[in-house]
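Coordinates from coords-v9.txt are shown below (compact mmCIF, C-alpha atoms).
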```txt
# COMPACT_ATOMS: atom_id res chain seq x y z
CA MET U 31 -26.54 -12.40 -2.15
CA ASN U 32 -26.96 -10.77 1.23
CA PRO U 33 -24.69 -7.74 1.71
CA SER U 34 -23.66 -8.99 5.13
CA ASN U 35 -21.60 -11.73 3.45
CA TYR U 36 -19.42 -9.12 1.78
CA ILE U 37 -19.14 -7.17 5.03
CA VAL U 38 -18.01 -10.24 6.95
CA LEU U 39 -15.40 -10.99 4.26
CA SER U 40 -14.24 -7.38 4.40
CA ALA U 41 -13.94 -7.55 8.22
CA LEU U 42 -11.95 -10.79 7.91
CA LEU U 43 -9.49 -9.27 5.42
CA PHE U 44 -9.20 -6.10 7.51
CA GLY U 45 -8.39 -8.13 10.62
CA ILE U 46 -5.83 -10.28 8.80
CA GLY U 47 -4.20 -7.10 7.52
CA ALA U 48 -4.10 -5.67 11.04
CA ILE U 49 -2.46 -8.84 12.36
CA GLY U 50 0.09 -8.58 9.54
CA VAL U 51 0.92 -4.98 10.49
CA LEU U 52 1.45 -5.96 14.12
CA VAL U 53 3.36 -9.19 13.61
CA ARG U 54 5.63 -8.69 10.62
CA ARG U 55 9.08 -7.06 10.83
CA ASN U 56 9.85 -6.43 7.17
CA ALA U 57 8.78 -2.88 6.29
CA ILE U 58 7.62 -3.90 2.81
CA VAL U 59 5.40 -6.67 4.16
CA VAL U 60 3.96 -4.32 6.79
CA PHE U 61 3.19 -1.91 3.97
CA MET U 62 1.47 -4.62 1.96
CA SER U 63 -0.65 -5.45 5.01
CA VAL U 64 -1.74 -1.82 5.19
CA GLU U 65 -2.73 -2.08 1.52
CA LEU U 66 -4.76 -5.18 2.38
CA MET U 67 -6.63 -3.21 5.05
CA LEU U 68 -7.37 -0.44 2.53
CA ASN U 69 -8.66 -2.99 0.05
CA ALA U 70 -10.89 -4.56 2.68
CA SER U 71 -12.45 -1.20 3.47
CA ASN U 72 -12.98 -0.64 -0.26
CA LEU U 73 -14.93 -3.89 -0.44
CA ALA U 74 -17.11 -2.69 2.43
CA PHE U 75 -17.73 0.62 0.63
CA VAL U 76 -18.77 -1.17 -2.55
CA ALA U 77 -21.10 -3.46 -0.60
CA PHE U 78 -22.61 -0.46 1.22
CA ALA U 79 -23.17 1.31 -2.10
CA ARG U 80 -25.11 -1.69 -3.34
CA THR U 81 -27.12 -1.93 -0.14
CA ASN U 82 -28.12 1.72 -0.25
CA GLY U 83 -28.71 1.84 -3.98
CA ASN U 84 -26.55 4.86 -4.79
CA LEU U 85 -23.09 5.26 -6.24
CA ASP U 86 -21.55 7.39 -3.47
CA GLY U 87 -19.88 4.39 -1.88
CA GLN U 88 -18.22 3.49 -5.17
CA VAL U 89 -16.93 7.05 -5.57
CA VAL U 90 -15.47 6.95 -2.05
CA ALA U 91 -13.80 3.62 -2.83
CA PHE U 92 -12.35 5.20 -5.96
CA PHE U 93 -10.86 8.05 -3.93
CA VAL U 94 -9.45 5.56 -1.43
CA MET U 95 -7.68 3.85 -4.34
CA VAL U 96 -6.20 7.15 -5.53
CA VAL U 97 -4.94 8.02 -2.06
CA ALA U 98 -3.55 4.49 -1.62
CA ALA U 99 -1.63 4.77 -4.90
CA ALA U 100 -0.08 8.08 -3.80
CA GLU U 101 0.70 6.64 -0.38
CA VAL U 102 2.43 3.59 -1.88
CA VAL U 103 4.70 5.78 -4.00
CA VAL U 104 5.87 7.92 -1.07
CA GLY U 105 6.05 5.02 1.38
CA LEU U 106 8.16 2.86 -0.92
CA ALA U 107 10.46 5.82 -1.60
CA ILE U 108 10.97 6.19 2.16
CA ILE U 109 11.65 2.45 2.51
CA VAL U 110 14.23 2.59 -0.29
CA GLN U 111 15.83 5.62 1.34
CA ILE U 112 16.04 3.89 4.76
CA PHE U 113 17.42 0.79 3.09
CA ARG U 114 20.14 2.85 1.40
CA SER U 115 21.34 4.37 4.64
CA ARG U 116 20.90 1.33 6.91
CA ARG U 117 21.16 -1.68 4.57
CA SER U 118 18.07 -3.17 6.18
CA ALA U 119 14.33 -3.22 5.57
CA SER U 120 13.48 -4.23 9.13
CA ILE U 121 11.23 -1.86 11.02
CA ASP U 122 13.11 -2.53 14.25
CA GLU U 123 16.26 -0.91 12.90
CA PRO U 124 15.27 2.78 12.73
CA ASN U 125 14.67 2.90 16.50
CA LEU U 126 17.79 5.05 16.75
CA LEU U 127 15.46 7.99 16.21
CA LYS U 128 14.61 7.56 19.89
CA TYR U 129 18.03 8.53 21.17
CA MET O 151 -25.69 -6.44 -14.72
CA ILE O 152 -25.98 -8.64 -11.68
CA GLY O 153 -28.75 -6.98 -9.77
CA THR O 154 -30.68 -7.23 -6.58
CA PRO O 155 -32.16 -10.72 -6.71
CA ALA O 156 -29.60 -13.10 -5.34
CA THR O 157 -28.57 -15.55 -8.02
CA THR O 158 -26.90 -18.89 -7.48
CA GLY O 159 -24.17 -17.79 -9.85
CA GLU O 160 -23.28 -14.86 -7.65
CA ALA O 161 -23.21 -17.05 -4.56
CA VAL O 162 -20.80 -19.47 -6.24
CA LEU O 163 -18.65 -16.59 -7.47
CA PHE O 164 -18.66 -15.05 -4.01
CA TRP O 165 -17.58 -18.21 -2.22
CA VAL O 166 -14.83 -19.03 -4.71
CA CYS O 167 -13.41 -15.49 -4.68
CA ALA O 168 -13.85 -15.06 -0.93
CA ILE O 169 -11.90 -18.24 -0.19
CA LEU O 170 -9.17 -17.20 -2.63
CA ALA O 171 -8.99 -13.71 -1.12
CA VAL O 172 -8.69 -15.00 2.45
CA LEU O 173 -6.13 -17.58 1.32
CA GLY O 174 -4.07 -14.81 -0.29
CA ALA O 175 -4.33 -12.65 2.83
CA LEU O 176 -3.21 -15.51 5.08
CA GLY O 177 -0.35 -16.24 2.69
CA LEU O 178 0.64 -12.58 2.84
CA ILE O 179 1.06 -12.57 6.61
CA THR O 180 2.63 -16.03 6.88
CA SER O 181 5.11 -16.20 3.98
CA ARG O 182 8.69 -15.68 5.08
CA LYS O 183 9.95 -14.15 1.85
CA ALA O 184 8.78 -10.75 0.70
CA VAL O 185 8.41 -11.87 -2.94
CA HIS O 186 5.99 -14.63 -1.93
CA CYS O 187 4.05 -12.11 0.15
CA ALA O 188 3.69 -9.86 -2.90
CA LEU O 189 2.41 -12.72 -5.04
CA TRP O 190 -0.15 -13.77 -2.41
CA MET O 191 -1.22 -10.14 -2.22
CA ALA O 192 -1.75 -10.07 -5.99
CA LEU O 193 -4.05 -13.11 -5.65
CA THR O 194 -6.13 -11.29 -3.03
CA MET O 195 -6.36 -8.17 -5.19
CA ILE O 196 -7.53 -10.01 -8.28
CA SER O 197 -10.17 -11.86 -6.24
CA LEU O 198 -11.34 -8.54 -4.84
CA ALA O 199 -11.56 -7.11 -8.37
CA ILE O 200 -13.87 -9.97 -9.35
CA LEU O 201 -15.95 -9.34 -6.23
CA TYR O 202 -16.27 -5.64 -7.14
CA ILE O 203 -17.53 -6.57 -10.58
CA SER O 204 -20.04 -9.04 -9.15
CA ASN O 205 -21.09 -6.25 -6.76
CA ALA O 206 -22.24 -4.10 -9.69
CA ALA O 207 -19.09 -1.96 -9.68
CA PRO O 208 -17.43 -2.84 -13.01
CA PHE O 209 -15.51 0.45 -13.14
CA LEU O 210 -13.94 -0.13 -9.73
CA GLY O 211 -13.14 -3.73 -10.67
CA MET O 212 -11.21 -2.55 -13.71
CA VAL O 213 -9.45 0.19 -11.73
CA GLN O 214 -8.54 -2.41 -9.13
CA VAL O 215 -6.91 -4.61 -11.76
CA ILE O 216 -5.11 -1.74 -13.49
CA VAL O 217 -4.04 0.34 -10.48
CA TYR O 218 -3.53 -2.25 -7.77
CA THR O 219 -2.54 -5.44 -9.51
CA GLY O 220 -0.89 -3.64 -12.37
CA ALA O 221 0.85 -0.64 -10.87
CA VAL O 222 1.02 -0.96 -7.10
CA MET O 223 2.00 -4.62 -6.92
CA MET O 224 4.60 -4.22 -9.65
CA LEU O 225 6.01 -1.25 -7.74
CA PHE O 226 6.18 -3.45 -4.66
CA LEU O 227 7.99 -6.19 -6.58
CA PHE O 228 10.35 -3.60 -8.05
CA VAL O 229 11.23 -2.29 -4.58
CA ILE O 230 11.68 -5.84 -3.28
CA MET O 231 14.19 -6.38 -6.08
CA VAL O 232 15.99 -3.11 -5.18
CA VAL O 233 16.05 -3.87 -1.47
CA GLY O 234 17.14 -7.43 -2.15
CA VAL O 235 15.29 -10.70 -2.30
CA ASP O 236 17.23 -11.89 0.73
CA ALA O 237 15.52 -9.34 2.98
CA SER O 238 13.47 -11.95 4.77
CA ASP O 239 11.95 -11.49 8.16
CA SER O 240 13.77 -12.05 11.40
CA LEU O 241 11.86 -14.23 13.81
CA ILE O 242 13.13 -12.54 16.97
CA GLU O 243 10.41 -10.95 19.04
CA THR O 244 11.45 -7.49 20.19
CA ILE O 245 8.60 -7.22 22.65
CA LYS O 246 7.90 -10.40 24.54
CA GLY O 247 4.57 -12.00 23.75
CA GLN O 248 3.82 -9.47 21.03
CA ARG O 249 2.93 -12.09 18.46
CA TRP O 250 0.27 -13.78 20.57
CA ALA O 251 -1.13 -10.46 21.76
CA ALA O 252 -1.35 -9.26 18.14
CA LEU O 253 -3.05 -12.50 17.09
CA PHE O 254 -5.55 -12.28 19.93
CA LEU O 255 -6.35 -8.62 19.34
CA GLY O 256 -6.63 -9.15 15.58
CA LEU O 257 -9.04 -12.04 16.02
CA ALA O 258 -11.04 -9.96 18.50
CA LEU O 259 -11.18 -7.15 15.93
CA ILE O 260 -12.42 -9.58 13.27
CA VAL O 261 -15.10 -10.96 15.57
CA ILE O 262 -16.31 -7.53 16.66
CA LEU O 263 -16.41 -6.12 13.12
CA ALA O 264 -17.92 -9.19 11.49
CA TRP O 265 -20.44 -9.79 14.23
CA GLY O 266 -21.44 -6.15 14.68
CA LEU O 267 -21.70 -5.11 11.05
CA GLY O 268 -22.82 -8.52 9.83
CA SER O 269 -25.69 -8.79 12.26
CA ALA O 270 -26.66 -5.17 11.66
CA LEU O 271 -26.97 -5.85 7.93
CA SER O 272 -28.22 -9.42 8.02
CA GLY O 273 -31.90 -8.51 7.59
CA VAL O 274 -31.31 -5.67 5.14
CA PRO O 275 -32.00 -6.53 1.51
CA ALA O 276 -29.62 -5.06 -1.04
CA THR O 277 -31.31 -2.28 -3.00
CA GLY O 278 -28.92 -2.73 -5.92
CA VAL O 279 -27.39 0.09 -7.91
CA ASP O 280 -29.21 -0.73 -11.14
CA ALA O 281 -31.52 2.28 -10.82
CA ALA O 282 -28.59 4.60 -10.04
CA ASN O 283 -26.67 3.18 -12.99
CA ARG O 284 -29.59 3.56 -15.37
CA GLU O 285 -30.09 7.22 -14.49
CA PHE O 286 -27.10 8.40 -16.54
CA GLY O 287 -26.78 5.44 -18.87
CA GLY O 288 -24.21 3.29 -17.08
CA ASN O 289 -21.93 2.72 -14.13
CA VAL O 290 -19.05 4.79 -15.46
CA GLN O 291 -21.34 7.66 -16.41
CA GLY O 292 -22.99 7.57 -12.99
CA ILE O 293 -19.66 7.70 -11.17
CA ALA O 294 -18.43 10.45 -13.51
CA HIS O 295 -21.56 12.48 -12.78
CA LEU O 296 -20.93 12.22 -9.01
CA ILE O 297 -17.22 12.99 -9.28
CA PHE O 298 -17.70 16.08 -11.43
CA THR O 299 -20.62 17.55 -9.48
CA GLN O 300 -20.89 16.58 -5.84
CA TYR O 301 -17.26 15.50 -5.30
CA LEU O 302 -15.60 18.04 -7.58
CA VAL O 303 -13.59 19.70 -4.80
CA VAL O 304 -12.34 16.33 -3.55
CA PHE O 305 -11.37 15.44 -7.09
CA GLU O 306 -9.39 18.68 -7.49
CA VAL O 307 -7.63 18.13 -4.17
CA THR O 308 -6.76 14.62 -5.37
CA SER O 309 -4.80 16.09 -8.27
CA ALA O 310 -2.78 18.19 -5.82
CA LEU O 311 -2.15 15.05 -3.76
CA LEU O 312 -0.92 13.12 -6.80
CA ILE O 313 1.47 15.90 -7.81
CA THR O 314 2.78 16.17 -4.26
CA ALA O 315 3.27 12.41 -4.08
CA ALA O 316 5.16 12.31 -7.37
CA LEU O 317 7.36 15.22 -6.25
CA GLY O 318 7.92 13.63 -2.84
CA ALA O 319 8.94 10.32 -4.38
CA MET O 320 11.40 12.10 -6.66
CA VAL O 321 12.92 14.05 -3.77
CA LEU O 322 13.12 11.00 -1.52
CA ALA O 323 14.58 8.72 -4.15
CA HIS O 324 17.11 11.29 -5.32
CA ARG O 325 20.69 10.58 -4.32
CA GLU O 326 23.15 13.43 -4.12
CA HIS O 327 26.61 12.70 -5.55
CA TRP O 328 29.10 14.05 -3.01
CA LYS O 329 32.16 12.82 -4.83
CA PRO O 330 32.83 12.96 -8.58
CA LYS O 331 32.18 9.71 -10.36
CA PRO O 332 35.31 7.47 -10.47
CA THR O 333 36.93 7.35 -13.89
CA GLN O 334 37.81 4.12 -15.64
CA GLU O 335 41.46 4.58 -14.72
CA GLU O 336 40.66 4.96 -11.03
CA LEU O 337 38.38 1.94 -11.11
CA SER O 338 41.10 -0.13 -12.77
CA LYS O 339 43.72 0.97 -10.21
CA ALA O 340 41.38 0.19 -7.35
CA ARG O 341 40.80 -3.25 -8.81
CA PHE O 342 44.45 -4.21 -9.28
CA LEU O 343 45.78 -2.61 -6.08
CA GLY O 344 42.93 -3.96 -3.96
CA GLU O 345 42.90 -7.03 -1.78
CA GLU O 346 40.86 -9.19 -4.11
CA HIS O 347 42.24 -11.27 -6.93
CA PRO O 348 41.84 -9.11 -10.05
CA GLY O 349 41.10 -12.02 -12.35
CA ASN O 350 37.84 -13.73 -13.04
CA ARG O 351 36.21 -15.70 -10.31
CA PRO O 352 35.81 -19.42 -10.93
CA ASN O 353 32.73 -20.25 -12.94
CA PRO O 354 30.05 -22.35 -11.35
CA GLY O 355 30.49 -25.99 -12.06
CA ILE O 356 34.25 -25.97 -12.67
CA TYR O 357 35.54 -29.44 -11.75
CA ALA O 358 32.12 -30.15 -10.27
CA ARG O 359 29.83 -32.94 -11.32
CA HIS O 360 27.06 -30.61 -12.51
CA ASN O 361 27.15 -27.37 -14.46
CA ALA O 362 24.12 -25.75 -12.80
CA VAL O 363 24.61 -22.16 -11.54
CA ASP O 364 24.07 -23.16 -7.94
CA THR O 365 26.73 -25.86 -7.97
CA PRO O 366 29.92 -24.49 -6.43
CA ALA O 367 33.17 -24.93 -8.32
CA LEU O 368 35.71 -27.28 -6.82
CA LEU O 369 39.16 -26.06 -5.94
CA PRO O 370 42.08 -28.28 -7.04
CA ASP O 371 42.06 -29.99 -3.64
CA GLY O 372 38.41 -30.94 -4.05
CA THR O 373 36.85 -28.44 -1.62
CA PRO O 374 33.89 -26.46 -2.96
CA THR O 375 34.26 -22.67 -3.15
CA GLU O 376 31.29 -20.37 -2.69
CA LEU O 377 33.08 -17.67 -4.70
CA SER O 378 31.76 -19.20 -7.89
CA ILE O 379 28.10 -18.79 -6.93
CA PRO O 380 26.38 -15.57 -8.06
CA GLY O 381 25.78 -13.13 -5.18
CA PRO O 382 21.95 -13.26 -5.06
CA LEU O 383 21.97 -17.07 -4.90
CA ARG O 384 24.58 -16.96 -2.13
CA ALA O 385 22.49 -14.44 -0.18
CA ARG O 386 19.44 -16.63 -0.53
CA GLY O 387 21.35 -19.70 0.62
CA ASP O 388 20.61 -21.53 -2.65
CA ILE O 389 23.86 -23.45 -2.88
CA ALA O 390 23.66 -27.02 -4.03
CA PRO O 391 25.40 -29.35 -1.57
CA VAL O 392 28.53 -31.06 -2.86
CA ASP O 393 28.96 -34.65 -1.86
CA ILE O 394 32.55 -34.77 -0.56
CA GLN O 395 32.37 -38.56 -0.55
CA ASP O 396 31.77 -38.52 -4.30
CA VAL O 397 34.69 -36.18 -4.86
CA HIS O 398 37.02 -38.43 -2.89
CA GLN O 399 35.82 -41.47 -4.80
CA ILE O 400 36.60 -39.78 -8.08
CA GLU O 401 40.00 -38.72 -6.80
CA GLU O 402 40.77 -42.27 -5.76
CA ALA O 403 39.59 -43.62 -9.09
CA ASP O 404 41.85 -41.10 -10.84
CA SER O 405 44.88 -41.96 -8.78
CA LEU O 406 44.62 -45.67 -9.49
```
So that I can check it, write out the structure of this file as C-alpha cells.
Amino acid sequence: MNPSNYIVLSALLFGIGAIGVLVRRNAIVVFMSVELMLNASNLAFVAFARTNGNLDGQVVAFFVMVVAAAEVVVGLAIIVQIFRSRRSASIDEPNLLKY
Amino acid sequence: MIGTPATTGEAVLFWVCAILAVLGALGLITSRKAVHCALWMALTMISLAILYISNAAPFLGMVQVIVYTGAVMMLFLFVIMVVGVDASDSLIETIKGQRWAALFLGLALIVILAWGLGSALSGVPATGVDAANREFGGNVQGIAHLIFTQYLVVFEVTSALLITAALGAMVLAHREHWKPKPTQEELSKARFLGEEHPGNRPNPGIYARHNAVDTPALLPDGTPTELSIPGPLRARGDIAPVDIQDVHQIEEADSL
C-alpha cells in the first residue's frame, strides 16, 4: 500500500474537519471537528513513520493524543461553564465579550 | 505484522476503513443533532484505529480505541447530555455567504494538501517499521525506548500538562453556592404558594388512545395537553400528533 493513499485520506479528513469548524454553530460540534482534524494529522504521522522506517512519527502521534485528551477536558469544562451562565451552546452567543 | 510489501488484504482494509472514516466525518459536519454528530465521530475514530493497526502501529491503534473512542467520545456524549439533547444548531448565517466561502476554502485546502503531499509521496516506497520494531523486540518496546530516552523531557512536561488540565477542569466545573441550600420546608412552601398547580401533572396517555410516553393526555374537553409529556421529549419536539377527528368521533359515539 503506497503511503500517499494514507496521506490523501488524512488530508481529506483534515479538510472536512476544517469545514466543520467554520460552518457549524454548536460549540460541541465545532470541538468535535477540531478533534477530527487532530486525528487526521495523527494518521499522517503514522503514515510518515512507516514511510521513513522509524518510530518517531508514532511517538509524536502518541503525544498529540495526550495533548488532545487534556484539551478536551478543559474545553468541555469551558463549554459547560458557558452553558450554565448563558443557557446556550451556540458559539455566536458569547460575542458580548466584544462590548 | 503487516510489512512493507503491499498486500491485497491491506488494500481492501484500507478502502473499507477509508470510506467508513470519510462517511463518519461527513456525517459529523452534516448531522443537525449533536448526539448524531458524536456517534458519526465514533465511527471515524474506530476506522482510524483499524488504519493505525494496519499501518504497523498496534499500540497507537489500541490507544486510539481506549482514549478516543472510550474516554473522549464518552465525555462528549456526557457533556451533550448535560447541555441538553435539544441543543441543535441554528441555521441562521451570522456572516452572509460564510457557509459557501467555508466550503470553498475547505475544498481548496483538501485539494492543496492531498495533491501536494500525495504527489510528493507517490513515488516513495514505504520502508516499513518492521526493522525498528524488531530492534527492541516489538512495537510497544520500541515506542517505550524512544519515549524514555529521546523524548523524556517531552514526556515529563506531558505529566505537568495532564495535572494542569485536571486542575483546570475541576476549577472550571466548580460551582460556588452563594445561597444556603433550600430546606425541605422552604421547598414545600415554594411549591404550594407558587403559581403552578401543586399536584401531579397528568400522566401521558390519560384519556388518549395510546399509552406511549409521547402521546399527550387529553383534557376533559378532548384537547391534548403538552403538560403530560416529559420535558426532554417536549424540548425535542417528539410529541405524537393527536387526531382531533378521532376524539370527536369517540365523543359522538359516547353521547349517543
Next on the checklist: Quick check: residues of chain U within 6 Å of chain O, only C-alpha atoms, returned as a ChimeraX atom specification.
Outcome noted: /U:31,34,38,41-42,45,49-50,52-53,55-56,80-84,100,104,107
Just write the chosen residues, C-alpha atoms, as a PDB file, in the coordinates of the input.
```
ATOM      1  CA  MET U  31     -26.540 -12.400  -2.150  1.00  0.00           C
ATOM      2  CA  SER U  34     -23.660  -8.990   5.130  1.00  0.00           C
ATOM      3  CA  VAL U  38     -18.010 -10.240   6.950  1.00  0.00           C
ATOM      4  CA  ALA U  41     -13.940  -7.550   8.220  1.00  0.00           C
ATOM      5  CA  LEU U  42     -11.950 -10.790   7.910  1.00  0.00           C
ATOM      6  CA  GLY U  45      -8.390  -8.130  10.620  1.00  0.00           C
ATOM      7  CA  ILE U  49      -2.460  -8.840  12.360  1.00  0.00           C
ATOM      8  CA  GLY U  50       0.090  -8.580   9.540  1.00  0.00           C
ATOM      9  CA  LEU U  52       1.450  -5.960  14.120  1.00  0.00           C
ATOM     10  CA  VAL U  53       3.360  -9.190  13.610  1.00  0.00           C
ATOM     11  CA  ARG U  55       9.080  -7.060  10.830  1.00  0.00           C
ATOM     12  CA  ASN U  56       9.850  -6.430   7.170  1.00  0.00           C
ATOM     13  CA  ARG U  80     -25.110  -1.690  -3.340  1.00  0.00           C
ATOM     14  CA  THR U  81     -27.120  -1.930  -0.140  1.00  0.00           C
ATOM     15  CA  ASN U  82     -28.120   1.720  -0.250  1.00  0.00           C
ATOM     16  CA  GLY U  83     -28.710   1.840  -3.980  1.00  0.00           C
ATOM     17  CA  ASN U  84     -26.550   4.860  -4.790  1.00  0.00           C
ATOM     18  CA  ALA U 100      -0.080   8.080  -3.800  1.00  0.00           C
ATOM     19  CA  VAL U 104       5.870   7.920  -1.070  1.00  0.00           C
ATOM     20  CA  ALA U 107      10.460   5.820  -1.600  1.00  0.00           C
TER      21      ALA U 107
END
```
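Comparing U:Ser118, U:Asn32, U:Ser40, U:Gln111 by their smallest distance to Leu68 in chain U, the closest is U:Ser40 (using only C-alpha atoms).
Selection around (-21.5, -5.1, 1.8) with radius 6 Å, counting only C-alpha atoms, yields the residues Pro33, Ser34, Tyr36, Ile37, Ala74, Ala77 and Phe78 of chain U.
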Checklist entry - How many Å lie between CA of Leu189 in chain O and CA of Asp122 in chain U, rounded to one decimal? => result 24.3 Å
Item to check | Straight-line distance linking CA of Thr219 in chain O with CA of Arg117 in chain U, stated in Å to one decimal | outcome: 27.8 Å
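Separating CA of Leu39 in chain U from CA of Leu73 in chain U is a distance of 8.5 Å.
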Next on the checklist: Counting only C-alpha atoms, which residue out of O:Asp364, O:Glu306, O:Glu335, O:Glu285 sits closest to Ala385 in chain O?
Outcome noted: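 The answer is O:Asp364, which sits nearest to Ala385 in chain O.
Minimum atom-to-atom distance to Met224 in chain O, evaluated using only C-alpha atoms, belongs to U:Val102 out of U:Ile109, U:Ala119, U:Val102, U:Val51.
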Checklist entry - Do you know which residues are at most 6 Å from Asn72 in chain U counting all atoms listed in the file, after dropping those on the same chain fewer than 3 positions away, and could you put them as an MDAnalysis selection string? => result chainID U and resid 69 75 91
